[in-house]
>>> print(open('target_11.cif').read())   # mmCIF, C-alpha atoms
data_entry
#
loop_
_atom_site.label_atom_id
_atom_site.label_comp_id
_atom_site.auth_asym_id
_atom_site.auth_seq_id
_atom_site.Cartn_x
_atom_site.Cartn_y
_atom_site.Cartn_z
CA MET A 76 -25.56 57.93 72.69
CA ASN A 77 -29.29 58.63 72.78
CA ASP A 78 -31.84 55.82 72.85
CA SER A 79 -32.89 56.31 69.23
CA SER A 80 -29.43 55.30 68.00
CA ILE A 81 -29.54 51.90 69.72
CA THR A 82 -30.67 49.00 67.53
CA PRO A 83 -33.18 46.42 68.86
CA THR A 84 -30.45 43.78 68.87
CA GLU A 85 -28.19 45.95 71.03
CA ARG A 86 -30.98 46.54 73.54
CA LEU A 87 -31.21 42.81 74.20
CA HIS A 88 -27.55 42.27 75.06
CA TYR A 89 -26.76 41.41 78.67
CA GLN A 90 -23.65 41.82 80.73
CA ILE A 91 -21.56 39.03 82.21
CA ILE A 92 -19.93 40.52 85.26
CA ILE A 93 -16.28 39.65 85.90
CA ASP A 94 -15.76 40.59 89.55
CA ASP A 95 -13.07 39.85 92.14
CA GLU A 96 -14.62 36.49 93.05
CA VAL A 97 -14.53 35.31 89.43
CA ARG A 98 -10.96 36.59 89.00
CA GLN A 99 -9.85 34.74 92.13
CA LYS A 100 -11.40 31.47 90.95
CA ALA A 101 -9.79 31.92 87.53
CA SER A 102 -6.39 32.57 89.08
CA GLU A 103 -6.66 29.43 91.22
CA ALA A 104 -7.66 27.34 88.20
CA VAL A 105 -4.61 28.50 86.26
CA ALA A 106 -2.32 27.88 89.23
CA GLN A 107 -3.73 24.38 89.72
CA LYS A 108 -3.31 23.64 85.98
CA LYS A 109 -6.93 22.67 85.53
CA LEU A 110 -8.46 22.12 82.09
CA LEU A 111 -11.25 24.29 80.77
CA ASN A 112 -14.61 22.62 80.13
CA LEU A 113 -15.25 22.20 76.41
CA LYS A 114 -18.93 21.62 77.15
CA ASN A 115 -19.15 25.22 78.33
CA ASP A 116 -20.64 27.32 75.49
CA ILE A 117 -18.02 30.06 75.85
CA VAL A 118 -15.06 27.67 75.88
CA PHE A 119 -16.47 25.67 72.96
CA LYS A 120 -16.88 28.88 70.94
CA SER A 121 -13.37 30.05 71.75
CA PHE A 122 -11.77 26.65 71.04
CA PHE A 123 -13.17 26.37 67.50
CA SER A 124 -13.05 30.05 66.48
CA LYS A 125 -9.52 31.16 67.28
CA GLU A 126 -7.19 32.43 64.56
CA CYS A 127 -4.44 29.90 65.13
CA ILE A 128 -3.21 26.73 63.44
CA GLU A 129 -4.52 24.40 66.14
CA SER A 130 -8.04 25.86 66.17
CA ALA A 131 -8.32 25.85 62.37
CA TYR A 132 -7.11 22.25 62.26
CA CYS A 133 -9.54 21.07 64.96
CA ARG A 134 -12.42 22.96 63.36
CA LYS A 135 -11.74 21.35 59.99
CA LYS A 136 -11.43 17.84 61.42
CA MET A 137 -14.49 18.14 63.65
CA LEU A 138 -16.67 19.41 60.78
CA SER A 139 -15.38 16.67 58.47
CA ALA A 140 -16.36 14.08 61.08
CA VAL A 141 -19.87 15.45 61.55
CA ILE A 142 -20.93 16.11 57.94
CA GLY A 143 -19.12 13.09 56.50
CA LYS A 144 -16.99 14.73 53.85
CA ASN A 145 -13.43 15.98 53.71
CA VAL A 146 -13.38 19.66 54.64
CA MET A 147 -10.26 21.26 53.18
CA ASP A 148 -10.70 24.78 54.53
CA THR A 149 -13.04 26.78 56.77
CA THR A 150 -13.70 30.48 57.22
CA VAL A 151 -15.33 31.71 60.43
CA LEU A 152 -17.83 34.35 59.31
CA ASN A 153 -18.53 35.78 62.75
CA PRO A 154 -15.12 36.04 64.46
CA GLU A 155 -15.85 39.60 65.60
CA ILE A 156 -18.34 38.34 68.18
CA LEU A 157 -15.80 36.12 69.89
CA PRO A 158 -14.92 38.15 72.99
CA THR A 159 -11.50 38.46 74.54
CA ARG A 160 -13.34 39.92 77.51
CA LEU A 161 -16.94 39.28 78.45
CA ASP A 162 -17.57 42.06 80.95
CA GLY A 163 -19.48 43.98 78.31
CA LYS A 164 -22.06 43.15 75.66
CA PHE A 165 -23.22 39.55 75.65
CA PRO A 166 -21.90 37.63 72.61
CA ARG A 167 -23.60 35.17 70.31
CA LEU A 168 -22.22 31.72 70.94
CA ASP A 169 -22.70 30.06 67.57
CA ILE A 170 -19.84 29.35 65.16
CA HIS A 171 -20.88 30.37 61.64
CA CYS A 172 -18.51 28.97 59.00
CA ARG A 173 -18.22 28.81 55.25
CA LEU A 174 -16.51 25.73 53.86
CA ASP A 175 -14.22 25.54 50.84
CA ASP A 176 -17.09 24.31 48.62
CA GLY A 177 -19.34 27.25 49.59
CA SER A 178 -21.43 25.32 52.12
CA GLU A 179 -22.46 27.16 55.27
CA VAL A 180 -22.35 25.68 58.75
CA GLU A 181 -23.62 26.79 62.12
CA VAL A 182 -22.30 24.92 65.16
CA GLU A 183 -23.33 25.29 68.79
CA MET A 184 -22.87 23.58 72.12
CA GLN A 185 -26.23 23.34 73.91
CA ASN A 186 -26.69 22.66 77.61
CA SER A 187 -29.84 21.35 79.27
CA MET A 188 -31.21 24.87 79.62
CA TYR A 189 -32.45 24.55 76.01
CA GLN A 190 -33.69 20.97 76.23
CA GLU A 191 -37.43 21.61 76.09
CA ASP A 192 -37.57 23.42 72.72
CA GLN A 193 -34.43 22.02 71.10
CA VAL A 194 -36.08 20.60 67.97
CA LYS A 195 -37.99 23.81 67.22
CA ARG A 196 -34.85 25.86 67.85
CA SER A 197 -32.89 23.69 65.42
CA VAL A 198 -35.51 23.99 62.68
CA TYR A 199 -35.66 27.74 63.15
CA TYR A 200 -31.87 28.16 63.06
CA ALA A 201 -31.58 26.05 59.91
CA ALA A 202 -34.35 28.06 58.22
CA ALA A 203 -32.73 31.37 59.17
CA LEU A 204 -29.34 30.21 57.92
CA THR A 205 -30.91 29.08 54.64
CA HIS A 206 -32.73 32.38 54.15
CA ASN A 207 -29.66 34.48 54.86
CA SER A 208 -27.37 32.44 52.58
CA LEU A 209 -28.81 34.11 49.45
CA SER A 210 -28.78 37.82 48.69
CA SER A 211 -31.71 39.61 47.14
CA GLY A 212 -31.90 38.71 43.45
CA ASP A 213 -29.76 35.56 43.69
CA GLN A 214 -30.97 32.56 41.72
CA TYR A 215 -32.08 29.57 43.77
CA ASP A 216 -29.52 27.34 42.07
CA ARG A 217 -26.91 29.27 44.05
CA LEU A 218 -28.34 28.03 47.35
CA PRO A 219 -25.43 26.39 49.21
CA ALA A 220 -25.62 23.28 51.35
CA ILE A 221 -26.66 24.18 54.89
CA TYR A 222 -25.46 22.27 57.97
CA GLN A 223 -26.99 23.07 61.35
CA ILE A 224 -24.94 21.22 63.99
CA GLN A 225 -25.86 20.92 67.66
CA PHE A 226 -23.65 19.27 70.26
CA LEU A 227 -26.14 18.48 73.03
CA ASP A 228 -25.27 17.93 76.68
CA PHE A 229 -28.54 16.01 77.04
CA LYS A 230 -30.48 13.29 75.20
CA ILE A 231 -33.40 13.87 72.85
CA VAL A 232 -33.46 10.56 70.93
CA ASN A 233 -34.26 7.38 72.84
CA ASP A 234 -31.50 5.12 71.53
CA THR A 235 -27.77 4.60 71.96
CA ARG A 236 -26.65 6.28 68.72
CA LEU A 237 -24.44 9.28 69.33
CA HIS A 238 -25.04 11.06 66.01
CA HIS A 239 -28.33 11.64 64.19
CA THR A 240 -28.78 13.49 60.87
CA TYR A 241 -32.11 14.85 59.62
CA ILE A 242 -32.98 15.91 56.06
CA TYR A 243 -36.14 16.52 53.97
CA ARG A 244 -37.98 13.23 53.29
CA GLU A 245 -41.40 12.17 51.97
CA LYS A 246 -43.73 11.51 54.88
CA ASP A 247 -45.03 8.05 53.90
CA ASP A 248 -42.35 6.24 51.92
CA GLY A 249 -39.28 8.06 53.28
CA GLY A 250 -38.02 9.09 49.85
CA VAL A 251 -35.45 11.89 49.95
CA LEU A 252 -36.66 15.25 48.65
CA SER A 253 -33.38 17.04 49.37
CA ASP A 254 -30.39 16.81 51.68
CA ILE A 255 -29.22 20.36 50.96
CA VAL A 256 -30.37 21.30 54.48
CA GLN A 257 -29.15 19.01 57.25
CA ILE A 258 -29.68 19.12 61.00
CA HIS A 259 -27.12 17.16 63.03
CA TYR A 260 -27.48 16.19 66.69
CA ILE A 261 -24.54 14.80 68.67
CA GLU A 262 -25.81 13.74 72.11
CA LEU A 263 -22.81 13.83 74.43
CA PRO A 264 -24.30 11.86 77.36
CA LYS A 265 -24.14 8.79 75.10
CA ILE A 266 -20.35 8.93 75.36
CA ARG A 267 -20.56 6.36 78.15
CA ASP A 268 -21.25 3.67 75.52
CA ILE A 269 -18.36 4.90 73.36
CA LEU A 270 -15.86 4.38 76.15
CA LYS A 271 -16.65 0.66 76.09
CA LYS A 272 -15.34 0.35 72.53
CA ARG A 273 -11.82 -0.55 71.49
CA PRO A 274 -9.87 2.52 70.28
CA GLY A 275 -9.63 1.16 66.74
CA ASP A 276 -13.42 0.83 66.53
CA LEU A 277 -14.11 4.50 67.23
CA SER A 278 -15.60 6.53 64.36
CA GLU A 279 -14.31 10.06 63.76
CA ILE A 280 -17.34 11.69 65.37
CA GLU A 281 -17.05 9.34 68.37
CA PHE A 282 -13.41 10.31 68.68
CA TRP A 283 -14.25 14.02 68.83
CA ALA A 284 -17.08 13.45 71.27
CA MET A 285 -14.63 11.64 73.54
CA LEU A 286 -12.30 14.62 73.38
CA PHE A 287 -15.13 16.86 74.57
CA ASP A 288 -15.73 14.43 77.41
CA GLU A 289 -12.09 14.34 78.47
CA SER A 290 -12.09 18.09 79.12
CA PHE A 291 -15.09 17.68 81.40
CA TYR A 292 -13.93 14.68 83.39
CA GLY A 293 -10.19 15.30 83.26
CA PHE A 294 -8.70 12.21 81.63
CA LEU A 295 -5.24 13.35 82.75
CA SER A 296 -6.37 13.13 86.36
CA ALA A 297 -4.97 10.24 88.38
CA LYS A 298 -8.53 9.54 89.53
CA ASN A 299 -9.64 8.52 86.03
CA THR A 300 -7.23 5.72 85.22
CA SER A 301 -9.53 3.79 82.85
CA LEU A 302 -10.13 6.78 80.59
CA ARG A 303 -6.46 7.72 80.71
CA GLU A 304 -5.52 4.22 79.56
CA GLN A 305 -8.10 4.45 76.75
CA VAL A 306 -6.51 7.66 75.53
CA LYS A 307 -3.01 6.18 75.83
CA THR A 308 -4.03 3.17 73.72
CA LEU A 309 -5.68 5.43 71.16
CA ARG A 310 -2.53 7.47 70.77
CA ALA A 311 -0.53 4.38 69.94
CA SER A 312 -3.09 2.87 67.54
CA ASP A 313 -3.69 5.59 64.94
CA SER A 314 -1.16 8.13 63.64
CA LEU A 315 -3.86 10.48 62.26
CA ARG A 316 -5.72 10.55 65.55
CA GLN A 317 -2.40 11.04 67.31
CA GLU A 318 -2.08 14.28 65.34
CA GLU A 319 -5.69 15.29 66.03
CA MET A 320 -5.30 14.61 69.73
CA LYS A 321 -2.00 16.48 69.85
CA MET A 322 -3.55 19.54 68.21
CA ALA A 323 -6.62 19.44 70.48
CA GLN A 324 -4.56 18.97 73.63
CA THR A 325 -2.13 21.73 72.70
CA LEU A 326 -4.96 24.18 72.10
CA LEU A 327 -6.88 23.23 75.24
CA ASN A 328 -3.74 23.39 77.39
CA THR A 329 -2.82 26.81 75.99
CA MET A 330 -6.31 28.14 76.60
CA SER A 331 -6.36 26.65 80.10
CA ARG A 332 -3.28 28.66 81.06
CA ASP A 333 -5.05 31.89 80.09
CA GLN A 334 -6.61 33.83 82.98
CA GLN A 335 -9.17 35.51 80.72
CA GLU A 336 -10.43 32.19 79.35
CA TRP A 337 -11.18 31.04 82.90
CA GLU A 338 -12.82 34.34 83.78
CA ASN A 339 -15.03 33.93 80.72
CA GLN A 340 -15.99 30.38 81.70
CA TYR A 341 -16.74 31.17 85.33
CA GLY A 342 -18.50 34.44 84.49
CA TYR A 343 -20.72 32.71 81.94
CA GLU A 344 -21.52 29.83 84.30
CA ARG A 345 -22.65 32.27 86.97
CA PHE A 346 -24.68 34.24 84.43
CA VAL A 347 -26.58 31.12 83.33
CA HIS A 348 -27.09 30.06 86.94
CA ASP A 349 -28.50 33.48 87.80
CA CYS A 350 -30.88 33.38 84.83
CA ILE A 351 -32.21 29.98 85.85
CA SER A 352 -32.49 31.05 89.48
CA ARG A 353 -34.46 34.16 88.57
CA GLU A 354 -36.81 32.10 86.42
CA LYS A 355 -37.44 29.57 89.21
CA SER A 356 -37.90 32.37 91.73
CA ALA A 357 -40.41 34.12 89.49
CA TYR A 358 -42.41 30.91 89.10
CA SER A 359 -42.46 30.23 92.83
CA ARG A 360 -43.70 33.77 93.60
CA GLY A 361 -46.32 33.51 90.89
CA GLU A 362 -45.38 36.93 89.54
CA GLU A 363 -46.04 36.97 85.81
CA LYS A 364 -43.84 39.97 85.18
CA GLY A 365 -40.90 38.41 86.99
CA ARG A 366 -41.52 35.06 85.29
CA GLN A 367 -41.38 36.64 81.84
CA GLN A 368 -38.17 38.47 82.74
CA GLY A 369 -36.54 35.26 83.94
CA ILE A 370 -37.59 33.33 80.86
CA GLN A 371 -36.51 36.13 78.55
CA GLN A 372 -33.05 36.31 80.07
CA GLY A 373 -32.73 32.53 79.79
CA ILE A 374 -33.74 32.21 76.14
CA GLN A 375 -31.82 35.35 75.26
CA LEU A 376 -28.67 33.24 75.03
CA GLY A 377 -29.86 32.23 71.58
CA SER A 378 -33.31 32.29 70.09
CA SER A 379 -34.51 35.85 70.81
CA GLN A 380 -31.43 37.48 69.37
CA LYS A 381 -31.60 35.29 66.28
CA ALA A 382 -35.31 36.05 65.82
CA ILE A 383 -34.67 39.78 65.95
CA GLU A 384 -31.74 39.57 63.54
CA SER A 385 -33.86 37.56 61.10
CA ALA A 386 -36.73 40.04 61.46
CA GLU A 387 -34.35 42.89 60.61
CA ASN A 388 -33.20 41.02 57.50
CA PHE A 389 -36.78 40.36 56.33
CA LEU A 390 -37.76 43.99 56.91
CA ARG A 391 -34.76 45.22 54.95
CA GLU A 392 -35.93 43.00 52.08
CA GLY A 393 -39.24 44.88 52.08
CA ASP A 394 -41.51 42.33 53.78
CA SER A 395 -44.46 43.71 55.74
CA VAL A 396 -44.54 43.88 59.53
CA GLU A 397 -47.49 41.48 59.57
CA LYS A 398 -45.72 38.90 57.37
CA VAL A 399 -42.51 39.06 59.43
CA SER A 400 -44.45 38.62 62.67
CA ARG A 401 -46.25 35.59 61.23
CA CYS A 402 -43.14 33.94 59.77
CA ILE A 403 -40.65 34.68 62.57
CA GLY A 404 -43.03 34.18 65.48
CA LEU A 405 -42.30 37.50 67.18
CA PRO A 406 -45.22 39.57 68.54
CA LEU A 407 -46.55 42.15 66.07
CA GLU A 408 -45.68 45.03 68.39
CA LYS A 409 -42.06 43.81 68.67
CA VAL A 410 -41.68 43.61 64.89
CA GLN A 411 -43.20 47.11 64.59
CA GLU A 412 -40.66 48.36 67.12
CA ILE A 413 -37.83 46.82 65.09
CA ALA A 414 -39.20 48.39 61.90
CA ASP A 415 -39.40 51.81 63.59
CA GLN A 416 -35.82 51.50 64.80
CA LEU A 417 -34.60 50.58 61.32
CA ARG A 418 -36.35 53.58 59.81
CA MET A 419 -34.86 55.93 62.42
CA HIS A 420 -31.42 54.39 61.88
CA ASN A 421 -31.63 54.87 58.12
CA ALA A 422 -33.13 58.35 58.28
#
>>> encode(input="target_11.cif", output="structure tokens")
Amino acid sequence: MNDSSITPTERLHYQIIIDDEVRQKASEAVAQKKLLNLKNDIVFKSFFSKECIESAYCRKKMLSAVIGKNVMDTTVLNPEILPTRLDGKFPRLDIHCRLDDGSEVEVEMQNSMYQEDQVKRSVYYAAALTHNSLSSGDQYDRLPAIYQIQFLDFKIVNDTRLHHTYIYREKDDGGVLSDIVQIHYIELPKIRDILKKRPGDLSEIEFWAMLFDESFYGFLSAKNTSLREQVKTLRASDSLRQEEMKMAQTLLNTMSRDQQEWENQYGYERFVHDCISREKSAYSRGEEKGRQQGIQQGIQLGSSQKAIESAENFLREGDSVEKVSRCIGLPLEKVQEIADQLRMHNA
């Protein structure tokens, strides 16, 4: 394949290396019957995107809890990017779904690596999802509801509320302009306050947040007796949540016995660690070129790839290079490069 046949998006993919050290760690984790970490982006993506009864059930229940309406069915629109192996092109880690009523949802797990620009990232993702939900020529009355959901492994709102929802409101009196676009934040560090509640007082979204926490702290471990007792009480108090917990545990246990799932988790963790290390190293040396490379590899896990994909969509719609650069926020020369690649690809 010559260079002219490679799209801009493909050029920006990175490799997660699965070597003997990662394989050995994965093998030991399986042998020790450890549980995968649902706060890991890769595991989170895999858990809610699989083509199995348990994953579909958990996806439906989790989305119902977050958006506050009964989701009857979900279709994952980007299942092809869920890797069975990661020692190749780097995958996108969002879960893009269409609900039974036509609404579109994007869900991601975000670690502290993205903490600084989280609000801007969320607004950008919601705008991109809104733009791409209509085809050229579609009437605006066909615009579906858009839900941009971020599970955050850090805090951005200074209160004790786990779940915040943002919509379009009038600046002064707070009147609602539209709730057709919603941004949801679920701040997982606030789970500590949830664990103080009685099981019967847990909301649905608090219940799911606790399930994410159990995979991280190992509620089945003998060292965590208080959390284990909380889960035991919850099982006995609510038949619906018994079913939800059973489905979630079955899926997580099945995944945790899979060598490849562990290789993916450990390989991704090392990849992120290396990106952060390179960025810090570049800063300490004061080398601008190295700093930019470290930052680029860090943010590449999300925003850069999305910006390029959105730029491609705008260009295909006939927008000018200057307009795309201004709206997307990419440098003019980068947008020109994307436009040139599209022309060569279509020639």
>>> closest_residue(input="target_11.cif", among="A:Thr149, A:Ser197, A:Ser395, A:Gln225", to="His238 in chain A", atoms="only C-alpha atoms")
A:Gln225
>>> residues_around(input="target_11.cif", residues="Trp337 in chain A", least_positions_apart="4", cutoff="8 Å", atoms="only C-alpha atoms", output="PyMOL selection string")
chain A and resi 101-102+104-105+111+331+333+341
>>> resolve_selection(input="target_11.cif", expression="the PyMOL selection byres ((chain A and resi 279) around 12)", output="VMD selection string")
chain A and resid 136 to 145 237 to 238 269 274 to 278 280 to 286 313 315 to 316 319 to 320
>>> resolve_selection(input="target_11.cif", expression="the PyMOL selection byres ((chain A and resi 257) around 9)", output="VMD selection string")
chain A and resid 142 201 220 to 224 240 to 243 254 to 256 258 to 259
>>> write_last_selection(input="target_11.cif", atoms="C-alpha atoms", output="tab-separated table (two decimals), keeping the file's coordinate frame")
chain	number	residue	atom	x	y	z
A	142	ILE	CA	-20.93	16.11	57.94
A	201	ALA	CA	-31.58	26.05	59.91
A	220	ALA	CA	-25.62	23.28	51.35
A	221	ILE	CA	-26.66	24.18	54.89
A	222	TYR	CA	-25.46	22.27	57.97
A	223	GLN	CA	-26.99	23.07	61.35
A	224	ILE	CA	-24.94	21.22	63.99
A	240	THR	CA	-28.78	13.49	60.87
A	241	TYR	CA	-32.11	14.85	59.62
A	242	ILE	CA	-32.98	15.91	56.06
A	243	TYR	CA	-36.14	16.52	53.97
A	254	ASP	CA	-30.39	16.81	51.68
A	255	ILE	CA	-29.22	20.36	50.96
A	256	VAL	CA	-30.37	21.30	54.48
A	258	ILE	CA	-29.68	19.12	61.00
A	259	HIS	CA	-27.12	17.16	63.03
>>> residues_around(input="target_11.cif", residues="Val194 in chain A", least_positions_apart="6", cutoff="10 Å", atoms="only C-alpha atoms", output="CSV table (one decimal) with C-alpha atoms, in the coordinates of the input")
chain,number,residue,atom,x,y,z
A,200,TYR,CA,-31.9,28.2,63.1
A,231,ILE,CA,-33.4,13.9,72.8
A,258,ILE,CA,-29.7,19.1,61.0
A,260,TYR,CA,-27.5,16.2,66.7
>>> atom_distance(input="target_11.cif", atom1="CA of Ser187 in chain A", atom2="CA of Ser124 in chain A")
22.8 Å
>>> residues_around(input="target_11.cif", residues="Asn388 in chain A", least_positions_apart="3", cutoff="10 Å", atoms="only C-alpha atoms", output="list in words")
Ala203, His206, Asn207, Ala382, Ile383, Glu384, Ser385, Arg391, Glu392, Gly393, Asp394 and Val399 of chain A
>>> closest_residue(input="target_11.cif", among="A:Pro264, A:Tyr343, A:Asp415, A:Gly212", to="Val97 in chain A", atoms="all atoms listed in the file")
A:Tyr343
>>> residues_around(input="target_11.cif", residues="Asn115 in chain A", least_positions_apart="4", cutoff="9 Å", atoms="only C-alpha atoms", output="ChimeraX atom specification")
/A:111,119-120,184-186,340,343-344
>>> closest_residue(input="target_11.cif", among="A:Met330, A:Leu174, A:Ala323, A:Leu209", to="Cys133 in chain A", atoms="all atoms listed in the file")
A:Ala323
>>> resolve_selection(input="target_11.cif", expression="the PyMOL selection byres ((chain A and resi 414) around 9)", output="number ranges by chain")
A: 386-387, 390-391, 396, 409-413, 415-419
>>> atom_distance(input="target_11.cif", atom1="CA of Val151 in chain A", atom2="CA of Arg173 in chain A")
6.6 Å
>>> atom_distance(input="target_11.cif", atom1="CA of Asn328 in chain A", atom2="CA of Lys100 in chain A")
17.5 Å
>>> closest_residue(input="target_11.cif", among="A:Asn233, A:Gln214, A:Ser400, A:Gln99", to="Gln335 in chain A", atoms="all atoms listed in the file")
A:Gln99
>>> residues_around(input="target_11.cif", residues="range 169-171 of chain A", least_positions_apart="6", cutoff="9 Å", atoms="all atoms listed in the file", output="list in words")
Asp116, Lys120, Phe123, Ser124, Thr150, Val151, Leu152, Asn153, Pro154, Glu179, Val180, Glu181, Val182, Glu183, Met184 and Gly377 of chain A
